[in-house]
Amino acid sequence: MAVQTGLGEPRGPWFISPELGPDGRGWWDAPDRDPGGQRPRRLLAVLAVVAVSAVSGALAGGVVASRDGGAGPAAASAAPVPAELVTAAERTVPGVVSVLTGGTTSGSATGSGFAVDDQQHLITNDHILAKGGGGPVTVELPDGRRFAAEVVGREPRSDLAVLKVPASAGLTPLPLAKPGGTRVGEPVLAVGSPLGLAGTVTAGIVSALDREVRLGNNRHTAVQTDASINPGNSGGPLVNARGEVVGVNTAIATIDGNGSIGIGFAIPIEQVQQTADTIIGKGG
């Protein structure tokens, strides 16, 4: 397996399948790591949810969904991309960064983040910082420049964190969607650094709203999307056709640990804005 340079070896997270509760319903579960350092043995053929930061040194996870059958004429003919999505991508990519944490004996992780204001505050996922073991945080900009980032504040229960880079970074802040404005079926883009591939844009739709998922010990109400999300996308924005952030990409569903199956989850913008405002208000 080739090792990519820049943001560490692009390895996937551990996958843990959920157990069924007393009523026969499955728990959404996504522990960020296995304390024993080994891949869990219980890999049931049921739906699980995993955080999508990439962990250096972890067991290689399945990060590419596969399909049966060859590509016929219909598969070779791609649908035209709406012009508004092209414009939304052009506006979004300059404000999205790669986040590298740790790099010490405590471990390291990579993910994504995005600028939220002119003061160069960045939003990302808290589990990326947690995987880095409290080590230093580095941000890589779209133009390749790197900056040491200050951790302004963390909110593990919301799985959100706010970073800050120097004003010289000059990142373009992304506009946030209005609360309650996201609609099922509307087109969206996921932007981030899956497997360390900075500036990657994938398209899909909003599949569902208010989807209850469980990550670690906390439950979240999430935006579900079929836009392709993979390890390293954690903390990146999910934006609508107007280029407004509707959520923070955080997790994917998987069957028996076999990677993304087109079901991803983002923390909704209402939660993101509330948490970010609180953190920035306290920490500057």
# chains A, B, ... in the order shown; residues from 1 in each chain; ligands from 1
call {"tool": "residues_around", "arguments": {"residues": "A:Gln119", "least_positions_apart": "3", "cutoff": "10 Å", "atoms": "only C-alpha atoms", "output": "PyMOL selection string"}}
result
chain A and resi 115-116+122+164-167+170-171+173+284
call {"tool": "select_by_dssp", "arguments": {"residues": "stretch 74-252 of chain A", "states": "helix (DSSP H, G or I)", "output": "compact mmCIF listing (two decimals) with N, CA and C atoms, in the first residue's frame"}}
result
# COMPACT_ATOMS: atom_id res chain seq x y z
N ALA A 74 -24.54 2.87 -19.43
CA ALA A 74 -25.21 3.85 -18.58
C ALA A 74 -24.27 4.36 -17.50
N ALA A 75 -23.44 3.47 -16.97
CA ALA A 75 -22.53 3.87 -15.90
C ALA A 75 -21.45 4.80 -16.41
N ALA A 76 -21.08 4.67 -17.68
CA ALA A 76 -20.01 5.49 -18.23
C ALA A 76 -20.48 6.90 -18.55
N ALA A 83 -24.67 23.98 -12.57
CA ALA A 83 -23.71 25.07 -12.52
C ALA A 83 -23.59 25.66 -11.13
N GLU A 84 -24.69 25.66 -10.35
CA GLU A 84 -24.63 26.25 -9.02
C GLU A 84 -23.71 25.45 -8.08
N LEU A 85 -23.61 24.13 -8.31
CA LEU A 85 -22.71 23.33 -7.48
C LEU A 85 -21.25 23.63 -7.81
N VAL A 86 -20.97 23.87 -9.08
CA VAL A 86 -19.61 24.25 -9.47
C VAL A 86 -19.22 25.57 -8.78
N THR A 87 -20.14 26.51 -8.80
CA THR A 87 -19.89 27.80 -8.14
C THR A 87 -19.73 27.62 -6.64
N ALA A 88 -20.57 26.77 -6.05
CA ALA A 88 -20.48 26.53 -4.61
C ALA A 88 -19.13 25.92 -4.24
N ALA A 89 -18.64 25.00 -5.06
CA ALA A 89 -17.34 24.39 -4.80
C ALA A 89 -16.23 25.42 -4.90
N GLU A 90 -16.29 26.28 -5.90
CA GLU A 90 -15.26 27.30 -6.08
C GLU A 90 -15.21 28.25 -4.89
N ARG A 91 -16.37 28.52 -4.30
CA ARG A 91 -16.42 29.43 -3.15
C ARG A 91 -15.99 28.75 -1.86
N THR A 92 -16.19 27.44 -1.78
CA THR A 92 -15.96 26.73 -0.52
C THR A 92 -14.53 26.29 -0.32
N VAL A 93 -13.91 25.74 -1.35
CA VAL A 93 -12.56 25.16 -1.22
C VAL A 93 -11.55 26.13 -0.60
N PRO A 94 -11.53 27.44 -0.94
CA PRO A 94 -10.53 28.34 -0.36
C PRO A 94 -10.65 28.50 1.16
N GLY A 95 -11.78 28.11 1.74
CA GLY A 95 -11.95 28.27 3.18
C GLY A 95 -11.80 26.99 3.96
N ASP A 126 -14.03 17.56 17.44
CA ASP A 126 -13.24 17.35 18.66
C ASP A 126 -12.52 16.00 18.64
N HIS A 127 -13.14 14.98 18.02
CA HIS A 127 -12.50 13.65 18.08
C HIS A 127 -11.17 13.62 17.33
N ILE A 128 -10.94 14.56 16.42
CA ILE A 128 -9.63 14.64 15.76
C ILE A 128 -8.57 15.04 16.78
N LEU A 129 -8.89 16.03 17.61
CA LEU A 129 -7.95 16.47 18.63
C LEU A 129 -7.76 15.40 19.69
N ALA A 130 -8.84 14.69 20.02
CA ALA A 130 -8.75 13.64 21.03
C ALA A 130 -7.82 12.53 20.57
N LYS A 131 -7.89 12.18 19.29
CA LYS A 131 -7.02 11.14 18.76
C LYS A 131 -5.56 11.57 18.74
N PRO A 156 -16.45 18.19 23.74
CA PRO A 156 -16.52 16.77 23.38
C PRO A 156 -17.95 16.24 23.20
N ARG A 157 -18.89 16.73 24.00
CA ARG A 157 -20.27 16.21 23.89
C ARG A 157 -20.88 16.53 22.53
N SER A 158 -20.51 17.67 21.98
CA SER A 158 -21.00 18.05 20.65
C SER A 158 -20.07 17.58 19.54
N ALA A 167 -3.61 35.83 11.51
CA ALA A 167 -4.33 36.61 10.50
C ALA A 167 -3.68 36.50 9.13
N SER A 168 -2.36 36.24 9.11
CA SER A 168 -1.65 36.13 7.84
C SER A 168 -2.11 34.94 7.00
N ALA A 169 -2.84 34.01 7.62
CA ALA A 169 -3.37 32.87 6.85
C ALA A 169 -4.35 33.35 5.79
N PRO A 194 -10.17 13.75 2.56
CA PRO A 194 -10.22 12.30 2.77
C PRO A 194 -8.89 11.66 2.38
N LEU A 195 -8.35 10.84 3.26
CA LEU A 195 -7.07 10.17 3.02
C LEU A 195 -5.93 11.16 2.74
N GLY A 196 -6.06 12.38 3.25
CA GLY A 196 -5.03 13.38 3.04
C GLY A 196 -5.10 14.08 1.71
call {"tool": "residues_around", "arguments": {"residues": "A:Ile205", "least_positions_apart": "2", "cutoff": "12 Å", "atoms": "only C-alpha atoms", "output": "MDAnalysis selection string"}}
result
chainID A and resid 85 182:190 202:203 207:209 223:228 238:241 246 262:265
